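File shown: my_file23.pdb (PDB, C-alpha atoms, pLDDT in the B column).
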```pdb
ATOM      1  CA  MET P   1     145.165 177.824 127.927  1.00 56.00           C
ATOM      2  CA  LEU P   2     142.020 176.602 129.652  1.00 50.00           C
ATOM      3  CA  ILE P   3     140.406 176.363 126.204  1.00 45.00           C
ATOM      4  CA  ILE P   4     142.540 173.226 125.755  1.00 49.00           C
ATOM      5  CA  SER P   5     140.383 171.531 128.390  1.00 52.00           C
ATOM      6  CA  PHE P   6     137.169 171.980 126.423  1.00 45.00           C
ATOM      7  CA  THR P   7     138.935 170.989 123.195  1.00 51.00           C
ATOM      8  CA  LEU P   8     140.081 167.657 124.632  1.00 53.00           C
ATOM      9  CA  PHE P   9     136.800 167.013 126.443  1.00 53.00           C
ATOM     10  CA  PRO P  10     134.084 168.598 124.226  1.00 50.00           C
ATOM     11  CA  GLU P  11     131.421 166.141 125.358  1.00 49.00           C
ATOM     12  CA  LYS P  12     131.954 166.868 129.072  1.00 51.00           C
ATOM     13  CA  LYS P  13     131.671 170.661 129.388  1.00 51.00           C
ATOM     14  CA  ILE P  14     129.436 170.440 132.467  1.00 46.00           C
ATOM     15  CA  MET P  15     131.874 168.049 134.126  1.00 55.00           C
ATOM     16  CA  ASN P  16     134.745 170.327 133.150  1.00 75.00           C
ATOM     17  CA  THR P  17     133.044 173.275 134.832  1.00 84.00           C
ATOM     18  CA  HIS P  18     132.639 171.343 138.089  1.00 85.00           C
ATOM     19  CA  CYS P  19     136.160 169.925 137.830  1.00 88.00           C
ATOM     20  CA  LEU P  20     137.529 173.410 137.170  1.00 89.00           C
ATOM     21  CA  LYS P  21     135.953 174.758 140.355  1.00 90.00           C
ATOM     22  CA  VAL P  22     137.410 171.904 142.408  1.00 91.00           C
ATOM     23  CA  ALA P  23     140.841 172.228 140.806  1.00 93.00           C
ATOM     24  CA  LEU P  24     140.851 175.987 141.378  1.00 94.00           C
ATOM     25  CA  ARG P  25     140.382 175.455 145.110  1.00 93.00           C
ATOM     26  CA  THR P  26     143.069 172.768 145.165  1.00 92.00           C
ATOM     27  CA  THR P  27     145.645 174.870 143.323  1.00 95.00           C
ATOM     28  CA  ILE P  28     145.273 178.123 145.293  1.00 93.00           C
ATOM     29  CA  PRO P  29     148.647 177.637 147.091  1.00 89.00           C
ATOM     30  CA  VAL P  30     150.395 177.013 143.768  1.00 92.00           C
ATOM     31  CA  PHE P  31     148.602 179.999 142.218  1.00 94.00           C
ATOM     32  CA  LEU P  32     149.990 182.325 144.884  1.00 88.00           C
ATOM     33  CA  GLY P  33     153.494 180.916 144.434  1.00 86.00           C
ATOM     34  CA  TYR P  34     153.568 180.565 140.652  1.00 92.00           C
ATOM     35  CA  ILE P  35     152.214 184.031 139.971  1.00 93.00           C
ATOM     36  CA  SER P  36     154.923 185.615 142.122  1.00 87.00           C
ATOM     37  CA  CYS P  37     157.688 183.305 140.869  1.00 87.00           C
ATOM     38  CA  GLY P  38     156.528 183.731 137.277  1.00 92.00           C
ATOM     39  CA  ILE P  39     156.713 187.504 137.680  1.00 91.00           C
ATOM     40  CA  ALA P  40     160.215 187.108 139.108  1.00 87.00           C
ATOM     41  CA  PHE P  41     161.233 184.987 136.111  1.00 91.00           C
ATOM     42  CA  GLY P  42     159.834 187.554 133.698  1.00 93.00           C
ATOM     43  CA  LEU P  43     161.825 190.292 135.418  1.00 90.00           C
ATOM     44  CA  VAL P  44     165.013 188.203 135.418  1.00 88.00           C
ATOM     45  CA  THR P  45     164.573 187.425 131.706  1.00 92.00           C
ATOM     46  CA  VAL P  46     164.116 191.063 130.681  1.00 92.00           C
ATOM     47  CA  ASN P  47     166.910 192.213 133.005  1.00 88.00           C
ATOM     48  CA  ALA P  48     169.258 189.797 131.223  1.00 89.00           C
ATOM     49  CA  GLY P  49     168.572 191.650 127.973  1.00 90.00           C
ATOM     50  CA  TYR P  50     165.985 189.328 126.420  1.00 94.00           C
ATOM     51  CA  PRO P  51     162.582 190.405 124.991  1.00 95.00           C
ATOM     52  CA  TRP P  52     159.536 190.316 127.312  1.00 94.00           C
ATOM     53  CA  TRP P  53     157.773 187.624 125.281  1.00 96.00           C
ATOM     54  CA  LEU P  54     160.543 185.077 125.861  1.00 96.00           C
ATOM     55  CA  ALA P  55     159.458 184.512 129.486  1.00 95.00           C
ATOM     56  CA  PRO P  56     155.868 183.362 128.734  1.00 96.00           C
ATOM     57  CA  ALA P  57     157.065 181.524 125.619  1.00 96.00           C
ATOM     58  CA  MET P  58     159.475 179.463 127.715  1.00 95.00           C
ATOM     59  CA  GLY P  59     156.647 178.788 130.180  1.00 94.00           C
ATOM     60  CA  ILE P  60     154.551 177.345 127.359  1.00 95.00           C
ATOM     61  CA  LEU P  61     157.240 175.416 125.494  1.00 93.00           C
ATOM     62  CA  ILE P  62     159.529 174.344 128.356  1.00 89.00           C
ATOM     63  CA  PHE P  63     157.651 174.804 131.653  1.00 93.00           C
ATOM     64  CA  ALA P  64     160.451 173.946 134.050  1.00 89.00           C
ATOM     65  CA  GLY P  65     160.672 176.619 136.730  1.00 84.00           C
ATOM     66  CA  ALA P  66     164.142 175.933 138.117  1.00 82.00           C
ATOM     67  CA  GLY P  67     165.381 174.980 134.659  1.00 86.00           C
ATOM     68  CA  GLN P  68     164.132 178.260 133.210  1.00 90.00           C
ATOM     69  CA  PHE P  69     165.751 180.320 135.956  1.00 85.00           C
ATOM     70  CA  LEU P  70     169.016 178.451 135.340  1.00 84.00           C
ATOM     71  CA  ALA P  71     168.826 178.752 131.548  1.00 90.00           C
ATOM     72  CA  ILE P  72     168.763 182.560 131.483  1.00 88.00           C
ATOM     73  CA  PRO P  73     172.224 183.183 133.043  1.00 86.00           C
ATOM     74  CA  LEU P  74     173.649 180.280 131.026  1.00 89.00           C
ATOM     75  CA  PHE P  75     172.361 181.824 127.798  1.00 90.00           C
ATOM     76  CA  ALA P  76     173.576 185.276 128.836  1.00 87.00           C
ATOM     77  CA  ALA P  77     177.058 183.909 129.588  1.00 89.00           C
ATOM     78  CA  GLY P  78     177.293 182.329 126.140  1.00 91.00           C
ATOM     79  CA  THR P  79     177.488 178.795 127.528  1.00 91.00           C
ATOM     80  CA  PRO P  80     177.749 176.129 124.781  1.00 94.00           C
ATOM     81  CA  VAL P  81     174.431 174.474 123.926  1.00 91.00           C
ATOM     82  CA  LEU P  82     175.652 170.987 124.861  1.00 94.00           C
ATOM     83  CA  ALA P  83     176.743 172.231 128.288  1.00 93.00           C
ATOM     84  CA  ILE P  84     173.335 173.861 128.809  1.00 90.00           C
ATOM     85  CA  LEU P  85     171.537 170.651 127.810  1.00 91.00           C
ATOM     86  CA  ALA P  86     173.680 168.568 130.146  1.00 92.00           C
ATOM     87  CA  THR P  87     173.111 170.983 133.032  1.00 88.00           C
ATOM     88  CA  GLU P  88     169.361 171.038 132.466  1.00 87.00           C
ATOM     89  CA  LEU P  89     169.280 167.235 132.289  1.00 87.00           C
ATOM     90  CA  LEU P  90     171.059 166.908 135.625  1.00 86.00           C
ATOM     91  CA  LEU P  91     168.763 169.504 137.202  1.00 81.00           C
ATOM     92  CA  ASN P  92     165.539 167.914 135.976  1.00 83.00           C
ATOM     93  CA  ILE P  93     166.494 164.241 136.217  1.00 84.00           C
ATOM     94  CA  ARG P  94     164.586 164.161 139.528  1.00 79.00           C
ATOM     95  CA  HIS P  95     161.389 163.969 137.463  1.00 80.00           C
ATOM     96  CA  ILE P  96     162.199 160.332 136.716  1.00 81.00           C
ATOM     97  CA  VAL P  97     161.783 159.663 140.429  1.00 81.00           C
ATOM     98  CA  TYR P  98     158.638 161.817 140.511  1.00 79.00           C
ATOM     99  CA  GLY P  99     157.123 159.787 137.709  1.00 82.00           C
ATOM    100  CA  LEU P 100     157.368 156.424 139.452  1.00 84.00           C
ATOM    101  CA  PRO P 101     154.605 157.032 142.064  1.00 85.00           C
ATOM    102  CA  LEU P 102     152.333 158.355 139.305  1.00 91.00           C
ATOM    103  CA  ILE P 103     152.549 155.341 137.000  1.00 89.00           C
ATOM    104  CA  ASN P 104     149.410 153.737 138.432  1.00 89.00           C
ATOM    105  CA  GLN P 105     147.574 157.069 138.778  1.00 91.00           C
ATOM    106  CA  PHE P 106     148.136 157.931 135.106  1.00 92.00           C
ATOM    107  CA  LYS P 107     147.449 154.395 133.848  1.00 89.00           C
ATOM    108  CA  GLY P 108     143.833 155.169 133.010  1.00 88.00           C
ATOM    109  CA  CYS P 109     144.601 158.537 131.399  1.00 91.00           C
ATOM    110  CA  LYS P 110     144.432 158.166 127.628  1.00 87.00           C
ATOM    111  CA  ARG P 111     144.048 161.490 125.845  1.00 89.00           C
ATOM    112  CA  THR P 112     145.900 163.591 128.396  1.00 92.00           C
ATOM    113  CA  LYS P 113     148.801 161.348 129.482  1.00 93.00           C
ATOM    114  CA  PRO P 114     151.429 163.045 127.234  1.00 93.00           C
ATOM    115  CA  TYR P 115     150.466 166.442 128.619  1.00 95.00           C
ATOM    116  CA  LEU P 116     150.380 165.199 132.219  1.00 94.00           C
ATOM    117  CA  ILE P 117     153.940 163.910 131.836  1.00 92.00           C
ATOM    118  CA  TYR P 118     155.076 167.146 130.195  1.00 93.00           C
ATOM    119  CA  ALA P 119     153.415 169.421 132.765  1.00 94.00           C
ATOM    120  CA  LEU P 120     154.715 167.594 135.836  1.00 92.00           C
ATOM    121  CA  THR P 121     156.509 169.974 138.195  1.00 91.00           C
ATOM    122  CA  ASP P 122     157.525 169.754 141.846  1.00 87.00           C
ATOM    123  CA  GLU P 123     154.388 171.572 142.967  1.00 88.00           C
ATOM    124  CA  THR P 124     152.005 169.703 140.653  1.00 93.00           C
ATOM    125  CA  PHE P 125     153.490 166.402 141.809  1.00 91.00           C
ATOM    126  CA  SER P 126     152.867 167.479 145.396  1.00 88.00           C
ATOM    127  CA  LEU P 127     149.191 168.192 144.690  1.00 92.00           C
ATOM    128  CA  LEU P 128     148.559 165.039 142.666  1.00 93.00           C
ATOM    129  CA  THR P 129     150.083 162.775 145.302  1.00 89.00           C
ATOM    130  CA  THR P 130     148.650 164.406 148.434  1.00 87.00           C
ATOM    131  CA  THR P 131     145.076 165.227 147.375  1.00 89.00           C
ATOM    132  CA  GLU P 132     142.293 162.787 146.567  1.00 88.00           C
ATOM    133  CA  VAL P 133     140.172 162.929 143.435  1.00 90.00           C
ATOM    134  CA  PRO P 134     136.873 164.572 144.498  1.00 86.00           C
ATOM    135  CA  ALA P 135     133.647 162.591 144.316  1.00 85.00           C
ATOM    136  CA  GLY P 136     131.839 163.019 141.030  1.00 84.00           C
ATOM    137  CA  VAL P 137     134.997 163.921 139.098  1.00 88.00           C
ATOM    138  CA  LEU P 138     136.944 161.565 136.844  1.00 90.00           C
ATOM    139  CA  ALA P 139     140.563 161.127 137.867  1.00 92.00           C
ATOM    140  CA  GLU P 140     141.867 162.021 134.395  1.00 92.00           C
ATOM    141  CA  ASP P 141     139.837 165.239 134.350  1.00 92.00           C
ATOM    142  CA  TYR P 142     141.128 166.213 137.778  1.00 94.00           C
ATOM    143  CA  TYR P 143     144.802 165.487 137.044  1.00 95.00           C
ATOM    144  CA  PHE P 144     144.572 167.341 133.747  1.00 94.00           C
ATOM    145  CA  MET P 145     142.858 170.398 135.199  1.00 94.00           C
ATOM    146  CA  VAL P 146     145.288 170.723 138.112  1.00 96.00           C
ATOM    147  CA  SER P 147     148.257 170.454 135.738  1.00 96.00           C
ATOM    148  CA  LEU P 148     146.788 172.911 133.244  1.00 95.00           C
ATOM    149  CA  LEU P 149     145.927 175.470 135.906  1.00 96.00           C
ATOM    150  CA  ASP P 150     149.417 175.288 137.398  1.00 96.00           C
ATOM    151  CA  GLN P 151     150.992 175.939 134.006  1.00 96.00           C
ATOM    152  CA  THR P 152     148.533 178.761 133.350  1.00 96.00           C
ATOM    153  CA  TYR P 153     149.552 180.447 136.614  1.00 97.00           C
ATOM    154  CA  TRP P 154     153.225 180.201 135.692  1.00 96.00           C
ATOM    155  CA  VAL P 155     152.759 181.521 132.156  1.00 97.00           C
ATOM    156  CA  GLY P 156     150.506 184.321 133.411  1.00 97.00           C
ATOM    157  CA  GLY P 157     153.053 185.395 136.003  1.00 96.00           C
ATOM    158  CA  SER P 158     155.864 185.248 133.427  1.00 96.00           C
ATOM    159  CA  LEU P 159     153.834 187.434 131.077  1.00 97.00           C
ATOM    160  CA  ILE P 160     153.165 190.010 133.789  1.00 96.00           C
ATOM    161  CA  GLY P 161     156.810 190.028 134.861  1.00 93.00           C
ATOM    162  CA  GLY P 162     158.088 190.274 131.299  1.00 94.00           C
ATOM    163  CA  LEU P 163     155.824 193.202 130.464  1.00 95.00           C
ATOM    164  CA  ALA P 164     156.552 194.953 133.771  1.00 92.00           C
ATOM    165  CA  GLY P 165     160.304 194.492 133.317  1.00 89.00           C
ATOM    166  CA  ALA P 166     160.136 195.998 129.836  1.00 91.00           C
ATOM    167  CA  ILE P 167     158.307 199.088 131.109  1.00 90.00           C
ATOM    168  CA  ILE P 168     159.441 199.699 134.704  1.00 82.00           C
ATOM    169  CA  PRO P 169     163.032 199.515 136.023  1.00 75.00           C
ATOM    170  CA  PHE P 170     163.435 197.086 138.944  1.00 67.00           C
ATOM    171  CA  ASP P 171     166.100 196.335 141.515  1.00 66.00           C
ATOM    172  CA  MET P 172     166.686 192.635 140.823  1.00 61.00           C
ATOM    173  CA  THR P 173     168.537 191.839 144.044  1.00 63.00           C
ATOM    174  CA  GLY P 174     167.268 188.538 145.437  1.00 61.00           C
ATOM    175  CA  VAL P 175     164.536 188.089 142.810  1.00 57.00           C
ATOM    176  CA  ASP P 176     166.088 184.896 141.444  1.00 56.00           C
ATOM    177  CA  PHE P 177     165.638 183.298 144.889  1.00 62.00           C
ATOM    178  CA  ALA P 178     161.841 183.300 144.459  1.00 58.00           C
ATOM    179  CA  LEU P 179     161.512 179.693 143.246  1.00 56.00           C
ATOM    180  CA  THR P 180     163.645 178.355 146.091  1.00 61.00           C
ATOM    181  CA  ALA P 181     161.478 180.257 148.566  1.00 62.00           C
ATOM    182  CA  LEU P 182     158.295 178.820 146.995  1.00 59.00           C
ATOM    183  CA  PHE P 183     159.588 175.247 147.213  1.00 58.00           C
ATOM    184  CA  ALA P 184     160.562 175.768 150.860  1.00 65.00           C
ATOM    185  CA  VAL P 185     157.126 177.163 151.733  1.00 60.00           C
ATOM    186  CA  LEU P 186     155.282 174.305 149.995  1.00 58.00           C
ATOM    187  CA  THR P 187     157.534 171.748 151.700  1.00 63.00           C
ATOM    188  CA  ILE P 188     156.773 173.236 155.112  1.00 68.00           C
ATOM    189  CA  ASP P 189     153.054 173.212 154.272  1.00 63.00           C
ATOM    190  CA  GLN P 190     153.154 169.517 153.317  1.00 60.00           C
ATOM    191  CA  ILE P 191     155.068 168.658 156.511  1.00 69.00           C
ATOM    192  CA  GLN P 192     152.476 170.479 158.616  1.00 69.00           C
ATOM    193  CA  LYS P 193     149.650 168.601 156.868  1.00 63.00           C
ATOM    194  CA  PHE P 194     151.419 165.276 157.427  1.00 59.00           C
ATOM    195  CA  VAL P 195     151.970 166.002 161.123  1.00 70.00           C
ATOM    196  CA  LYS P 196     148.331 167.075 161.529  1.00 68.00           C
ATOM    197  CA  GLU P 197     147.066 163.896 159.826  1.00 61.00           C
ATOM    198  CA  ARG P 198     149.305 161.734 162.037  1.00 67.00           C
ATOM    199  CA  LYS P 199     147.940 163.434 165.150  1.00 70.00           C
ATOM    200  CA  VAL P 200     144.379 162.785 163.995  1.00 59.00           C
ATOM    201  CA  GLU P 201     145.192 159.120 163.333  1.00 64.00           C
ATOM    202  CA  HIS P 202     146.765 158.679 166.775  1.00 66.00           C
ATOM    203  CA  ALA P 203     143.820 160.452 168.420  1.00 65.00           C
ATOM    204  CA  GLY P 204     141.445 158.070 166.637  1.00 61.00           C
ATOM    205  CA  ASN P 205     143.345 155.073 167.928  1.00 61.00           C
TER     206      ASN P 205
END
```

Could you rewrite the structure in this file as structure tokens?
Amino acid sequence: MLIISFTLFPEKKIMNTHCLKVALRTTIPVFLGYISCGIAFGLVTVNAGYPWWLAPAMGILIFAGAGQFLAIPLFAAGTPVLAILATELLLNIRHIVYGLPLINQFKGCKRTKPYLIYALTDETFSLLTTTEVPAGVLAEDYYFMVSLLDQTYWVGGSLIGGLAGAIIPFDMTGVDFALTALFAVLTIDQIQKFVKERKVEHAGN
């Protein structure tokens, strides 16, 4: 998936290399979470009786962690399509609120804006709104690379989980709680950063 970066920005390969290194460091927490949660989703998908390739395919075409976890049991239960669509809409409607703080940030993004909107997740939103664009890197390049890396982690984890589930039997107890656990951990991390920054500001005053 990282090939997309060099396809959209063929004239800036050197910049992309530098931006990639910066984005890799920024997305390490999401990498650790998305790989494990992606594996969990792959296992859940195969355990529900679906082929291994469906997990990474959903990560590419849908890319909505909580929505994907919810879709599998709904599909397995034979839930009507309209009911599934309505449920997914209610679950993901929070992204409208997420998008508001990013309107100004994405204003200067031309080629990548559609993808940035599509790839916005809870964790990507957290990174884009709490980290500053590094010096020497264009904002659009940075936003795009962070978003692309996050999706790559998720798809990679889903692929691993799907393949593992098709080959090795697993006890699935508690596996579907993985995404909730990731969100809780990232929330705690952001709270700790906020408290630390506030302490530094008060110490400076």

Selection dump of the PyMOL selection byres ((chain P and resi 34) around 12), as a PyMOL selection string:
chain P and resi 27-33+35-42+59+63-66+121-124+149-161+178-183+186

All residues 9 Å or closer to Leu102 (chain P), all atoms listed in the file, same chain fewer than 4 positions away omitted, as a ChimeraX atom specification
/P:98,106-107,125,128-129

Mind listing as a count of residues only all residues within 10 Å of (162.9, 192.1, 129.8), counting only C-alpha atoms?
24

Quick one: apply the PyMOL selection byres ((chain P and resi 22) around 12) to the file and drop the selected residues here as a short mmCIF file (atom, residue, chain, number, x, y, z; two decimals) with C-alpha atoms, keeping the file's coordinate frame.
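Result file out17.cif:
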```cif
data_model
loop_
_atom_site.label_atom_id
_atom_site.label_comp_id
_atom_site.auth_asym_id
_atom_site.auth_seq_id
_atom_site.Cartn_x
_atom_site.Cartn_y
_atom_site.Cartn_z
CA MET P 15 131.87 168.05 134.13
CA ASN P 16 134.74 170.33 133.15
CA THR P 17 133.04 173.28 134.83
CA HIS P 18 132.64 171.34 138.09
CA CYS P 19 136.16 169.92 137.83
CA LEU P 20 137.53 173.41 137.17
CA LYS P 21 135.95 174.76 140.35
CA ALA P 23 140.84 172.23 140.81
CA LEU P 24 140.85 175.99 141.38
CA ARG P 25 140.38 175.46 145.11
CA THR P 26 143.07 172.77 145.16
CA THR P 27 145.65 174.87 143.32
CA ILE P 28 145.27 178.12 145.29
CA THR P 131 145.08 165.23 147.38
CA GLU P 132 142.29 162.79 146.57
CA VAL P 133 140.17 162.93 143.44
CA PRO P 134 136.87 164.57 144.50
CA ALA P 135 133.65 162.59 144.32
CA GLY P 136 131.84 163.02 141.03
CA VAL P 137 135.00 163.92 139.10
CA LEU P 138 136.94 161.56 136.84
CA ASP P 141 139.84 165.24 134.35
CA TYR P 142 141.13 166.21 137.78
CA TYR P 143 144.80 165.49 137.04
CA MET P 145 142.86 170.40 135.20
CA VAL P 146 145.29 170.72 138.11
CA LEU P 149 145.93 175.47 135.91
#
```

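Taking CA of Ile62 (chain P) as the reference point, CA of Tyr118 (chain P) is found at 8.7 Å.
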
Can you measure CA of Cys109 (chain P) to CA of Val97 (chain P) for me? One decimal in Å is fine.
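Distance between the two atoms: 19.4 Å.
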
Find the residues around Leu91 (chain P) up to 12 Å (only C-alpha atoms counted), leave out those fewer than 5 positions away in its own chain, and share them as a PyMOL selection string.
chain P and resi 64-71+84-86+96

In Å, how far is it from CA of Ala139 (chain P) to CA of Leu100 (chain P)?
17.5 Å

Work out where the centre of an axis-aligned box around every listed atom of region 114-121 of chain P lies and how long its edges are once 6 Å is added on each side; give both in Å to one decimal as JSON.
```
{"center_x": 153.4, "center_y": 166.5, "center_z": 132.7, "size_x": 18.1, "size_y": 18.9, "size_z": 23.0}
```

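Checking P:Met58, P:Leu148, P:Leu120, P:Gly99 one by one against Ile72 (chain P), counting all atoms listed in the file, you find the shortest gap at P:Met58.
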
Where atoms are missing, can you supply N, CA and C atoms for region 64-82 of chain P and output the lot as a PDB file, keeping the file's coordinate frame?
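Contents of selection.pdb, as written:
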```
ATOM      1  N   ALA P  64     159.595 174.562 133.033  1.00 89.00           N
ATOM      2  CA  ALA P  64     160.451 173.946 134.050  1.00 89.00           C
ATOM      3  C   ALA P  64     161.026 175.090 134.875  1.00 89.00           C
ATOM      4  N   GLY P  65     160.336 175.428 135.955  1.00 84.00           N
ATOM      5  CA  GLY P  65     160.672 176.619 136.730  1.00 84.00           C
ATOM      6  C   GLY P  65     162.142 176.783 137.031  1.00 84.00           C
ATOM      7  N   ALA P  66     162.726 175.839 137.760  1.00 82.00           N
ATOM      8  CA  ALA P  66     164.142 175.933 138.117  1.00 82.00           C
ATOM      9  C   ALA P  66     165.007 175.896 136.868  1.00 82.00           C
ATOM     10  N   GLY P  67     164.629 175.074 135.903  1.00 86.00           N
ATOM     11  CA  GLY P  67     165.381 174.980 134.659  1.00 86.00           C
ATOM     12  C   GLY P  67     165.363 176.284 133.883  1.00 86.00           C
ATOM     13  N   GLN P  68     164.231 176.982 133.906  1.00 90.00           N
ATOM     14  CA  GLN P  68     164.132 178.260 133.210  1.00 90.00           C
ATOM     15  C   GLN P  68     164.990 179.320 133.895  1.00 90.00           C
ATOM     16  N   PHE P  69     164.930 179.358 135.225  1.00 85.00           N
ATOM     17  CA  PHE P  69     165.751 180.320 135.956  1.00 85.00           C
ATOM     18  C   PHE P  69     167.240 180.068 135.683  1.00 85.00           C
ATOM     19  N   LEU P  70     167.621 178.797 135.583  1.00 84.00           N
ATOM     20  CA  LEU P  70     169.016 178.451 135.340  1.00 84.00           C
ATOM     21  C   LEU P  70     169.427 178.758 133.903  1.00 84.00           C
ATOM     22  N   ALA P  71     168.500 178.577 132.963  1.00 90.00           N
ATOM     23  CA  ALA P  71     168.826 178.752 131.548  1.00 90.00           C
ATOM     24  C   ALA P  71     169.198 180.192 131.204  1.00 90.00           C
ATOM     25  N   ILE P  72     168.532 181.159 131.834  1.00 88.00           N
ATOM     26  CA  ILE P  72     168.763 182.560 131.483  1.00 88.00           C
ATOM     27  C   ILE P  72     170.218 182.985 131.698  1.00 88.00           C
ATOM     28  N   PRO P  73     170.813 182.797 132.881  1.00 86.00           N
ATOM     29  CA  PRO P  73     172.224 183.183 133.043  1.00 86.00           C
ATOM     30  C   PRO P  73     173.172 182.358 132.175  1.00 86.00           C
ATOM     31  N   LEU P  74     172.808 181.099 131.891  1.00 89.00           N
ATOM     32  CA  LEU P  74     173.649 180.280 131.026  1.00 89.00           C
ATOM     33  C   LEU P  74     173.639 180.832 129.606  1.00 89.00           C
ATOM     34  N   PHE P  75     172.467 181.209 129.115  1.00 90.00           N
ATOM     35  CA  PHE P  75     172.361 181.824 127.798  1.00 90.00           C
ATOM     36  C   PHE P  75     173.138 183.139 127.755  1.00 90.00           C
ATOM     37  N   ALA P  76     172.943 183.957 128.784  1.00 87.00           N
ATOM     38  CA  ALA P  76     173.576 185.276 128.836  1.00 87.00           C
ATOM     39  C   ALA P  76     175.101 185.164 128.872  1.00 87.00           C
ATOM     40  N   ALA P  77     175.607 184.089 129.483  1.00 89.00           N
ATOM     41  CA  ALA P  77     177.058 183.909 129.588  1.00 89.00           C
ATOM     42  C   ALA P  77     177.652 183.270 128.341  1.00 89.00           C
ATOM     43  N   GLY P  78     176.808 182.942 127.369  1.00 91.00           N
ATOM     44  CA  GLY P  78     177.293 182.329 126.140  1.00 91.00           C
ATOM     45  C   GLY P  78     177.742 180.897 126.314  1.00 91.00           C
ATOM     46  N   THR P  79     177.135 180.192 127.265  1.00 91.00           N
ATOM     47  CA  THR P  79     177.488 178.795 127.528  1.00 91.00           C
ATOM     48  C   THR P  79     177.157 177.928 126.307  1.00 91.00           C
ATOM     49  N   PRO P  80     178.028 177.019 125.920  1.00 94.00           N
ATOM     50  CA  PRO P  80     177.749 176.129 124.781  1.00 94.00           C
ATOM     51  C   PRO P  80     176.436 175.369 124.970  1.00 94.00           C
ATOM     52  N   VAL P  81     175.747 175.121 123.880  1.00 91.00           N
ATOM     53  CA  VAL P  81     174.431 174.474 123.926  1.00 91.00           C
ATOM     54  C   VAL P  81     174.505 173.106 124.591  1.00 91.00           C
ATOM     55  N   LEU P  82     175.529 172.327 124.274  1.00 94.00           N
ATOM     56  CA  LEU P  82     175.652 170.987 124.861  1.00 94.00           C
ATOM     57  C   LEU P  82     175.815 171.061 126.378  1.00 94.00           C
TER      58      LEU P  82
END
```
